[in-house]
$ cat start.cif   # mmCIF, C-alpha atoms
data_query
loop_
_atom_site.label_atom_id
_atom_site.label_comp_id
_atom_site.auth_asym_id
_atom_site.auth_seq_id
_atom_site.Cartn_x
_atom_site.Cartn_y
_atom_site.Cartn_z
CA MET A 64 113.60 125.47 107.22
CA ARG A 65 115.49 123.91 104.30
CA THR A 66 114.69 124.89 100.72
CA ILE A 67 114.65 122.40 97.83
CA GLU A 68 114.21 123.54 94.25
CA ALA A 69 111.35 121.97 92.32
CA SER A 70 113.75 121.54 89.39
CA ASP A 71 115.96 119.30 91.54
CA VAL A 72 112.94 117.13 92.31
CA ARG A 73 112.11 116.97 88.59
CA ASP A 74 115.64 115.96 87.65
CA ALA A 75 115.85 113.32 90.37
CA VAL A 76 112.56 111.73 89.34
CA ALA A 77 113.58 111.68 85.66
CA ARG A 78 116.84 109.92 86.55
CA LEU A 79 115.16 107.43 88.84
CA CYS A 80 112.62 106.48 86.17
CA VAL A 81 115.44 105.42 83.85
CA GLU A 82 117.52 103.75 86.55
CA ALA A 83 114.59 101.80 87.97
CA THR A 84 113.50 100.39 84.62
CA HIS A 85 117.03 99.29 83.64
CA ASP A 86 118.84 98.29 86.83
CA LEU A 87 117.36 95.57 89.06
CA PRO A 88 118.01 96.34 92.76
CA ALA A 89 120.85 94.37 94.34
CA ASP A 90 118.63 92.82 97.02
CA VAL A 91 116.22 91.45 94.41
CA GLU A 92 119.04 90.08 92.25
CA ALA A 93 120.65 88.41 95.28
CA ALA A 94 117.31 86.84 96.24
CA LEU A 95 116.88 85.50 92.71
CA ALA A 96 120.38 84.02 92.80
CA GLY A 97 119.59 82.40 96.14
CA ALA A 98 116.34 81.02 94.74
CA ARG A 99 118.19 79.60 91.76
CA ALA A 100 120.56 77.73 94.10
CA ALA A 101 117.66 76.31 96.12
CA GLU A 102 115.27 75.50 93.26
CA ARG A 103 114.61 71.80 92.62
CA SER A 104 112.68 72.06 89.38
CA SER A 105 114.86 71.78 86.27
CA LEU A 106 112.47 74.04 84.35
CA GLY A 107 112.40 76.44 87.29
CA ILE A 108 116.19 76.65 87.24
CA ILE A 109 116.14 77.45 83.51
CA VAL A 110 113.60 80.22 84.10
CA LEU A 111 115.61 81.72 86.97
CA ASP A 112 118.76 81.61 84.84
CA GLN A 113 116.91 83.53 82.13
CA ILE A 114 115.64 86.10 84.63
CA LEU A 115 119.15 86.66 85.98
CA GLU A 116 120.57 86.92 82.47
CA ASN A 117 117.87 89.41 81.56
CA ALA A 118 118.90 91.57 84.52
CA ARG A 119 122.54 91.43 83.42
CA VAL A 120 121.74 92.39 79.83
CA ALA A 121 119.37 95.20 80.86
CA ARG A 122 122.04 96.75 83.06
CA ALA A 123 124.90 96.32 80.59
CA GLU A 124 123.05 97.47 77.47
CA MET A 125 120.67 99.98 79.11
CA VAL A 126 117.48 98.35 77.88
CA PRO A 127 114.34 97.99 80.00
CA LEU A 128 114.08 94.95 82.23
CA CYS A 129 110.50 94.47 80.98
CA GLN A 130 108.47 95.85 78.08
CA ASP A 131 105.80 96.91 80.59
CA THR A 132 107.40 99.93 82.20
CA GLY A 133 104.27 100.25 84.27
CA VAL A 134 102.40 102.96 86.06
CA THR A 135 104.93 105.20 87.74
CA VAL A 136 104.33 105.00 91.47
CA VAL A 137 106.22 107.76 93.29
CA MET A 138 106.48 107.66 97.07
CA LEU A 139 107.54 110.87 98.78
CA GLU A 140 108.64 111.27 102.38
CA VAL A 141 108.65 115.01 102.92
CA GLY A 142 110.46 116.34 105.97
CA GLN A 143 108.28 118.81 107.86
CA ASP A 144 111.16 121.29 107.75
CA VAL A 145 111.41 121.20 103.95
CA HIS A 146 110.12 123.98 101.69
CA ILE A 147 109.75 123.32 97.96
CA THR A 148 110.39 126.45 95.92
CA GLY A 149 110.21 127.26 92.22
CA GLY A 150 107.08 125.24 91.51
CA TYR A 151 104.47 122.84 92.82
CA LEU A 152 105.89 119.56 94.14
CA TYR A 153 103.46 117.30 92.28
CA ASP A 154 104.02 119.19 89.01
CA ALA A 155 107.77 118.65 89.42
CA VAL A 156 107.25 114.93 89.96
CA ALA A 157 105.00 114.66 86.90
CA GLU A 158 107.48 116.56 84.74
CA GLY A 159 110.24 114.27 85.93
CA VAL A 160 108.21 111.23 84.88
CA ARG A 161 107.44 112.86 81.54
CA ARG A 162 111.11 113.55 80.85
CA GLY A 163 112.34 110.23 82.17
CA TYR A 164 109.99 108.18 80.03
CA LYS A 165 110.55 110.24 76.89
CA GLU A 166 114.33 110.56 77.18
CA GLY A 167 114.65 106.94 78.31
CA HIS A 168 112.49 105.73 75.39
CA LEU A 169 110.23 103.89 77.82
CA ARG A 170 106.79 102.59 76.88
CA ALA A 171 103.95 104.95 77.73
CA SER A 172 101.14 102.90 79.27
CA ILE A 173 98.81 105.40 80.97
CA VAL A 174 95.36 106.14 79.57
CA GLU A 175 93.04 108.93 80.61
CA ARG A 176 89.24 108.57 80.79
CA PRO A 177 89.69 105.00 82.06
CA PHE A 178 86.08 103.85 81.59
CA SER A 179 85.47 105.37 78.15
CA ALA A 180 87.94 106.70 75.57
CA ARG A 181 91.09 105.28 77.27
CA ALA A 182 93.32 107.63 75.28
CA ASN A 183 97.05 107.18 75.90
CA THR A 184 98.66 110.25 77.50
CA LYS A 185 101.85 109.36 75.55
CA ASP A 186 104.30 110.24 78.34
CA ASN A 187 103.23 107.91 81.19
CA THR A 188 101.77 110.76 83.20
CA PRO A 189 100.15 111.34 85.54
CA PRO A 190 102.12 109.33 88.08
CA VAL A 191 100.50 107.86 91.18
CA ILE A 192 101.95 109.84 94.09
CA HIS A 193 101.88 108.90 97.76
CA THR A 194 103.11 111.51 100.25
CA GLU A 195 104.02 111.15 103.91
CA ILE A 196 105.07 114.03 106.15
CA VAL A 197 107.95 112.95 108.37
CA PRO A 198 110.31 114.65 110.84
CA GLY A 199 113.44 116.30 109.47
CA ASP A 200 114.59 118.42 106.55
CA ARG A 201 115.05 115.84 103.80
CA LEU A 202 112.95 114.73 100.86
CA GLN A 203 113.07 111.03 100.06
CA ILE A 204 111.87 110.06 96.58
CA ARG A 205 111.12 106.44 95.68
CA VAL A 206 110.17 105.53 92.14
CA MET A 207 108.47 102.19 91.53
CA PRO A 208 107.51 101.45 87.91
CA LYS A 209 104.73 98.94 88.65
CA GLY A 210 103.85 96.49 85.89
CA PHE A 211 100.21 95.50 85.66
CA GLY A 212 100.53 91.77 85.18
CA CYS A 213 101.17 91.76 88.92
CA GLU A 214 99.12 94.84 89.85
CA ASN A 215 96.02 93.29 88.26
CA MET A 216 96.30 90.48 90.79
CA SER A 217 95.88 92.84 93.79
CA ARG A 218 93.10 91.88 96.15
CA PHE A 219 91.33 93.37 99.17
CA ALA A 220 88.96 91.93 101.76
CA MET A 221 87.14 93.10 104.83
CA LEU A 222 87.45 90.04 107.05
CA LEU A 223 85.57 89.53 110.27
CA PRO A 224 87.75 90.03 113.36
CA GLY A 225 87.19 86.42 114.39
CA GLU A 226 88.84 85.15 111.20
CA GLY A 227 92.16 86.37 112.59
CA ARG A 228 95.53 85.02 111.57
CA GLU A 229 94.14 81.92 109.86
CA GLY A 230 91.69 83.94 107.79
CA ILE A 231 94.45 86.30 106.68
CA ALA A 232 96.70 83.39 105.67
CA GLU A 233 93.89 81.77 103.71
CA PHE A 234 93.17 85.02 101.87
CA VAL A 235 96.85 85.58 101.00
CA LEU A 236 97.25 82.01 99.73
CA ARG A 237 94.06 82.20 97.68
CA THR A 238 95.21 85.46 96.10
CA VAL A 239 98.59 84.00 95.10
CA ASP A 240 97.07 80.73 93.90
CA GLU A 241 94.45 82.45 91.75
CA GLY A 242 97.12 84.72 90.30
CA GLY A 243 99.13 81.75 89.09
CA GLY A 244 101.60 82.85 86.44
CA ASN A 245 99.95 86.23 85.74
CA PRO A 246 102.11 88.24 88.19
CA CYS A 247 105.32 86.69 86.74
CA PRO A 248 106.66 84.71 89.69
CA PRO A 249 108.82 84.49 91.65
CA ILE A 250 106.94 87.33 93.26
CA ILE A 251 107.19 89.53 96.31
CA VAL A 252 103.97 89.54 98.32
CA GLY A 253 103.02 92.75 100.08
CA VAL A 254 100.35 92.37 102.77
CA GLY A 255 98.63 95.26 104.54
CA ILE A 256 96.59 94.50 107.64
CA GLY A 257 94.47 96.96 109.60
CA GLY A 258 93.63 100.62 109.39
CA SER A 259 90.80 101.25 106.93
CA ALA A 260 90.09 99.90 103.45
CA ASP A 261 92.23 102.50 101.70
CA TYR A 262 94.99 102.44 104.30
CA SER A 263 95.47 98.68 104.19
CA MET A 264 95.93 98.92 100.40
CA TRP A 265 98.60 101.55 100.94
CA LEU A 266 100.32 99.36 103.55
CA ALA A 267 100.43 96.46 101.10
CA LYS A 268 102.07 98.64 98.46
CA LYS A 269 104.49 100.17 100.95
CA ALA A 270 105.48 96.68 102.11
CA LEU A 271 106.94 96.08 98.65
CA THR A 272 109.56 98.80 99.23
CA ARG A 273 111.28 96.88 102.02
CA PRO A 274 114.55 95.13 101.10
CA VAL A 275 113.75 91.60 99.99
CA GLY A 276 113.94 89.24 102.93
CA SER A 277 114.33 91.96 105.55
CA VAL A 278 113.09 91.00 109.01
CA HIS A 279 110.14 92.91 110.41
CA PRO A 280 111.03 94.63 113.72
CA ASP A 281 107.94 93.18 115.42
CA ALA A 282 108.59 89.55 116.37
CA GLU A 283 105.01 88.37 115.88
CA THR A 284 104.76 89.96 112.44
CA ALA A 285 108.19 88.61 111.46
CA ALA A 286 107.10 85.08 112.41
CA PHE A 287 103.90 85.50 110.38
CA GLU A 288 105.97 86.54 107.34
CA VAL A 289 108.08 83.37 107.63
CA GLU A 290 104.94 81.23 107.94
CA LEU A 291 103.26 82.86 104.95
CA LEU A 292 106.35 82.55 102.74
CA ALA A 293 106.61 78.83 103.47
CA LYS A 294 102.93 78.31 102.69
CA VAL A 295 103.10 80.36 99.48
CA ASN A 296 106.10 78.40 98.22
CA ALA A 297 104.37 75.14 99.13
CA LEU A 298 101.73 75.97 96.50
CA GLY A 299 104.23 74.72 93.89
CA ILE A 300 103.48 77.42 91.29
CA GLY A 301 107.20 78.04 90.84
CA PRO A 302 109.14 80.45 88.60
CA GLN A 303 106.88 81.69 85.78
CA ALA A 304 104.39 79.01 86.89
CA VAL A 305 106.43 76.09 85.51
CA GLY A 306 106.42 74.43 88.95
CA GLY A 307 108.99 74.48 91.69
CA VAL A 308 109.68 75.60 95.23
CA THR A 309 110.15 79.29 94.44
CA THR A 310 106.80 80.98 93.98
CA ALA A 311 107.78 83.98 96.13
CA LEU A 312 111.07 85.56 97.13
CA ALA A 313 109.54 87.20 100.19
CA VAL A 314 106.32 88.00 102.00
CA HIS A 315 106.35 91.41 103.67
CA VAL A 316 103.59 92.31 106.11
CA GLU A 317 102.76 95.79 107.42
CA THR A 318 100.10 96.43 110.05
CA PHE A 319 98.17 99.31 111.60
CA PRO A 320 95.60 99.45 114.43
CA THR A 321 92.03 99.04 113.24
CA HIS A 322 88.40 99.24 114.34
CA ILE A 323 86.98 96.70 116.78
CA ALA A 324 84.40 95.58 114.19
CA SER A 325 86.69 94.81 111.26
CA LEU A 326 89.88 93.26 109.90
CA PRO A 327 90.92 94.91 106.62
CA VAL A 328 93.44 92.88 104.60
CA ALA A 329 95.08 93.86 101.31
CA VAL A 330 97.49 91.92 99.11
CA ASN A 331 99.67 93.59 96.50
CA LEU A 332 101.92 91.40 94.36
CA GLN A 333 105.20 92.46 92.80
CA CYS A 334 106.71 90.56 89.88
CA HIS A 335 110.30 89.28 89.74
CA SER A 336 111.19 92.51 87.96
CA ALA A 337 110.81 94.36 91.26
CA ARG A 338 111.90 97.78 90.08
CA LEU A 339 112.57 100.41 92.75
CA LYS A 340 115.06 103.26 93.04
CA GLU A 341 115.34 106.09 95.53
CA ALA A 342 117.06 109.40 96.04
CA ILE A 343 117.32 111.72 99.02
CA LEU A 344 117.46 115.47 98.52
#
$ encode --input "start.cif" --output "structure tokens"
Amino acid sequence: MRTIEASDVRDAVARLCVEATHDLPADVEAALAGARAAERSSLGIIVLDQILENARVARAEMVPLCQDTGVTVVMLEVGQDVHITGGYLYDAVAEGVRRGYKEGHLRASIVERPFSARANTKDNTPPVIHTEIVPGDRLQIRVMPKGFGCENMSRFAMLLPGEGREGIAEFVLRTVDEGGGNPCPPIIVGVGIGGSADYSMWLAKKALTRPVGSVHPDAETAAFEVELLAKVNALGIGPQAVGGVTTALAVHVETFPTHIASLPVAVNLQCHSARLKEAIL
């Protein structure tokens, strides 16, 4: 059994909150540069140049990539041989978010009593925490500040099994098309298929953590990702919806076995400011 101090978790989360909101991941930046080289729309090229310049300035001057520093989504992979000592794990994560957002001078966007008073908590807590128990003695922490221009465009459907691959593709395309410029394209499209209603939504979110353009290990799923990306980009929405061939940088699909009577499908969109940082303790 390996022991990890709750204070180390707190400090890691605080650091990751600042890093994620200021430093665009290398895979996302490379995908944007590749999109800029391939884009045919003159306006689209201008937009992509501005996005890339924004990433450069944010990193160099330590200013947020976007004014919406989002809801703080924290994904934990907890090794089954890990013991957290010195405090409750979720309290440590929340305190890390609180410190990171305050010390990093990041916008607080979380409101409590969501259907009535909607009072701002003033420190971006509580975070949304997803926990998976995995083999080993390590704790992996991923921090994703998720802006809500893109999160608001999330969609879920319980399709009939007979709708199959074509029905899924139609649903994904309709979701992206209806979103238009709201999710700030070029986007990353996370698709969760199978499981239950709640689990497919989680799969769609988790799909966004894969490196942009990574190839799914399952050949059928990988081929479906390529097909969906081509169809999404054929919509012509383009960078920031000015038109062009780059509506999405990637489509990532994750699947899970499901019930014989259903076909759950979830779509979670990520904006071009695809903020994600991780640490392993």
$ closest_residue --input "start.cif" --among "A:Ala267, A:Met216, A:Val305, A:Met207" --to "Ser105 of chain A" --atoms "only C-alpha atoms"
A:Val305
$ closest_atom_pairs --input "start.cif" --of "segment 236-293 of chain A" --to "segment 327-331 of chain A" --cutoff "12 Å" --atoms "only C-alpha atoms" --output "tab-separated table"
residue	atom	partner	partner_atom	distance
A:Leu236	CA	A:Val330	CA	9.9
A:Arg237	CA	A:Val330	CA	10.4
A:Thr238	CA	A:Val330	CA	7.5
A:Val239	CA	A:Val330	CA	8.9
A:Gly242	CA	A:Asn331	CA	11.1
A:Pro246	CA	A:Asn331	CA	10.2
A:Ile250	CA	A:Asn331	CA	10.1
A:Ile251	CA	A:Asn331	CA	8.5
A:Val252	CA	A:Asn331	CA	6.2
A:Gly253	CA	A:Asn331	CA	5.0
A:Val254	CA	A:Val330	CA	4.7
A:Gly255	CA	A:Ala329	CA	5.0
A:Ile256	CA	A:Val328	CA	4.7
A:Gly257	CA	A:Pro327	CA	5.1
A:Gly258	CA	A:Pro327	CA	6.9
A:Ser259	CA	A:Pro327	CA	6.3
A:Ala260	CA	A:Pro327	CA	6.0
A:Asp261	CA	A:Ala329	CA	9.1
A:Tyr262	CA	A:Pro327	CA	8.9
A:Ser263	CA	A:Ala329	CA	5.6
A:Met264	CA	A:Ala329	CA	5.2
A:Trp265	CA	A:Ala329	CA	8.5
A:Leu266	CA	A:Ala329	CA	7.9
A:Ala267	CA	A:Asn331	CA	5.5
A:Lys268	CA	A:Asn331	CA	5.9
A:Lys269	CA	A:Asn331	CA	9.3
A:Ala270	CA	A:Asn331	CA	8.6
A:Leu271	CA	A:Asn331	CA	8.0
A:Thr272	CA	A:Asn331	CA	11.5
$ closest_residue --input "start.cif" --among "A:Val289, A:Val295, A:Ala83, A:Ala96" --to "Val126 of chain A" --atoms "only C-alpha atoms"
A:Ala83
$ resolve_selection --input "start.cif" --expression "the PyMOL selection byres ((chain A and resi 160) around 12)" --output "PyMOL selection string"
chain A and resi 72-81+83+132-137+153-159+161-171+173+185-192+206-208
$ write_last_selection --input "start.cif" --atoms "C-alpha atoms" --output "CSV table (one decimal), in the frame of the given file"
chain,number,residue,atom,x,y,z
A,72,VAL,CA,112.9,117.1,92.3
A,73,ARG,CA,112.1,117.0,88.6
A,74,ASP,CA,115.6,116.0,87.6
A,75,ALA,CA,115.8,113.3,90.4
A,76,VAL,CA,112.6,111.7,89.3
A,77,ALA,CA,113.6,111.7,85.7
A,78,ARG,CA,116.8,109.9,86.6
A,79,LEU,CA,115.2,107.4,88.8
A,80,CYS,CA,112.6,106.5,86.2
A,81,VAL,CA,115.4,105.4,83.8
A,83,ALA,CA,114.6,101.8,88.0
A,132,THR,CA,107.4,99.9,82.2
A,133,GLY,CA,104.3,100.2,84.3
A,134,VAL,CA,102.4,103.0,86.1
A,135,THR,CA,104.9,105.2,87.7
A,136,VAL,CA,104.3,105.0,91.5
A,137,VAL,CA,106.2,107.8,93.3
A,153,TYR,CA,103.5,117.3,92.3
A,154,ASP,CA,104.0,119.2,89.0
A,155,ALA,CA,107.8,118.6,89.4
A,156,VAL,CA,107.2,114.9,90.0
A,157,ALA,CA,105.0,114.7,86.9
A,158,GLU,CA,107.5,116.6,84.7
A,159,GLY,CA,110.2,114.3,85.9
A,161,ARG,CA,107.4,112.9,81.5
A,162,ARG,CA,111.1,113.6,80.8
A,163,GLY,CA,112.3,110.2,82.2
A,164,TYR,CA,110.0,108.2,80.0
A,165,LYS,CA,110.6,110.2,76.9
A,166,GLU,CA,114.3,110.6,77.2
A,167,GLY,CA,114.6,106.9,78.3
A,168,HIS,CA,112.5,105.7,75.4
A,169,LEU,CA,110.2,103.9,77.8
A,170,ARG,CA,106.8,102.6,76.9
A,171,ALA,CA,104.0,105.0,77.7
A,173,ILE,CA,98.8,105.4,81.0
A,185,LYS,CA,101.8,109.4,75.6
A,186,ASP,CA,104.3,110.2,78.3
A,187,ASN,CA,103.2,107.9,81.2
A,188,THR,CA,101.8,110.8,83.2
A,189,PRO,CA,100.2,111.3,85.5
A,190,PRO,CA,102.1,109.3,88.1
A,191,VAL,CA,100.5,107.9,91.2
A,192,ILE,CA,102.0,109.8,94.1
A,206,VAL,CA,110.2,105.5,92.1
A,207,MET,CA,108.5,102.2,91.5
A,208,PRO,CA,107.5,101.4,87.9
$ closest_residue --input "start.cif" --among "A:Leu298, A:Val145, A:Cys213, A:Ala311" --to "Ile196 of chain A" --atoms "all atoms listed in the file"
A:Val145
$ resolve_selection --input "start.cif" --expression "the PyMOL selection byres ((chain A and resi 221) around 7)" --output "number ranges by chain"
A: 220, 222-223, 325-328
$ atom_distance --input "start.cif" --atom1 "atom CA of Ala293 of chain A" --atom2 "atom CA of Ala93 of chain A"
18.9 Å
$ atom_distance --input "start.cif" --atom1 "atom CA of Ile323 of chain A" --atom2 "atom CA of Gly225 of chain A"
10.6 Å
$ closest_residue --input "start.cif" --among "A:Thr66, A:Ser217, A:Ser277, A:Gln130" --to "Val91 of chain A" --atoms "all atoms listed in the file"
A:Ser277
$ atom_distance --input "start.cif" --atom1 "atom CA of Lys209 of chain A" --atom2 "atom CA of Thr84 of chain A"
9.8 Å
$ residues_near_point --input "start.cif" --point "(101.7, 94.5, 82.2)" --cutoff "7 Å" --atoms "only C-alpha atoms" --output "PyMOL selection string"
chain A and resi 131+133+210-212
$ closest_residue --input "start.cif" --among "A:Pro274, A:Ile343, A:Ala324, A:Phe178" --to "Glu226 of chain A" --atoms "all atoms listed in the file"
A:Ala324
$ closest_residue --input "start.cif" --among "A:Ile147, A:Val275, A:Ala118, A:Ala232" --to "Glu290 of chain A" --atoms "all atoms listed in the file"
A:Ala232
$ residues_near_point --input "start.cif" --point "(110.7, 80.2, 87.6)" --cutoff "9 Å" --atoms "all atoms listed in the file" --output "tab-separated table (two decimals) with C-alpha atoms, keeping the file's coordinate frame"
chain	number	residue	atom	x	y	z
A	99	ARG	CA	118.19	79.60	91.76
A	102	GLU	CA	115.27	75.50	93.26
A	104	SER	CA	112.68	72.06	89.38
A	106	LEU	CA	112.47	74.04	84.35
A	107	GLY	CA	112.40	76.44	87.29
A	108	ILE	CA	116.19	76.65	87.24
A	109	ILE	CA	116.14	77.45	83.51
A	110	VAL	CA	113.60	80.22	84.10
A	111	LEU	CA	115.61	81.72	86.97
A	112	ASP	CA	118.76	81.61	84.84
A	113	GLN	CA	116.91	83.53	82.13
A	114	ILE	CA	115.64	86.10	84.63
A	247	CYS	CA	105.32	86.69	86.74
A	248	PRO	CA	106.66	84.71	89.69
A	249	PRO	CA	108.82	84.49	91.65
A	300	ILE	CA	103.48	77.42	91.29
A	301	GLY	CA	107.20	78.04	90.84
A	302	PRO	CA	109.14	80.45	88.60
A	303	GLN	CA	106.88	81.69	85.78
A	304	ALA	CA	104.39	79.01	86.89
A	305	VAL	CA	106.43	76.09	85.51
A	306	GLY	CA	106.42	74.43	88.95
A	307	GLY	CA	108.99	74.48	91.69
A	308	VAL	CA	109.68	75.60	95.23
A	309	THR	CA	110.15	79.29	94.44
A	310	THR	CA	106.80	80.98	93.98
$ resolve_selection --input "start.cif" --expression "the PyMOL selection byres ((chain A and resi 205) around 7)" --output "PyMOL selection string"
chain A and resi 137-139+203-204+206-207+339-342
$ residues_around --input "start.cif" --residues "Val174 of chain A" --least-positions-apart "6" --cutoff "8 Å" --atoms "only C-alpha atoms" --output "tab-separated table (two decimals) with C-alpha atoms, in the frame of the given file"
chain	number	residue	atom	x	y	z
A	181	ARG	CA	91.09	105.28	77.27
A	182	ALA	CA	93.32	107.63	75.28
A	183	ASN	CA	97.05	107.18	75.90
A	184	THR	CA	98.66	110.25	77.50
$ axis_aligned_box --input "start.cif" --around "segment 81-85 of chain A" --padding-each-side "3 Å" --output "lines of an AutoDock Vina configuration file"
center_x = 115.5
center_y = 102.4
center_z = 85.8
size_x = 10.0
size_y = 12.1
size_z = 10.3
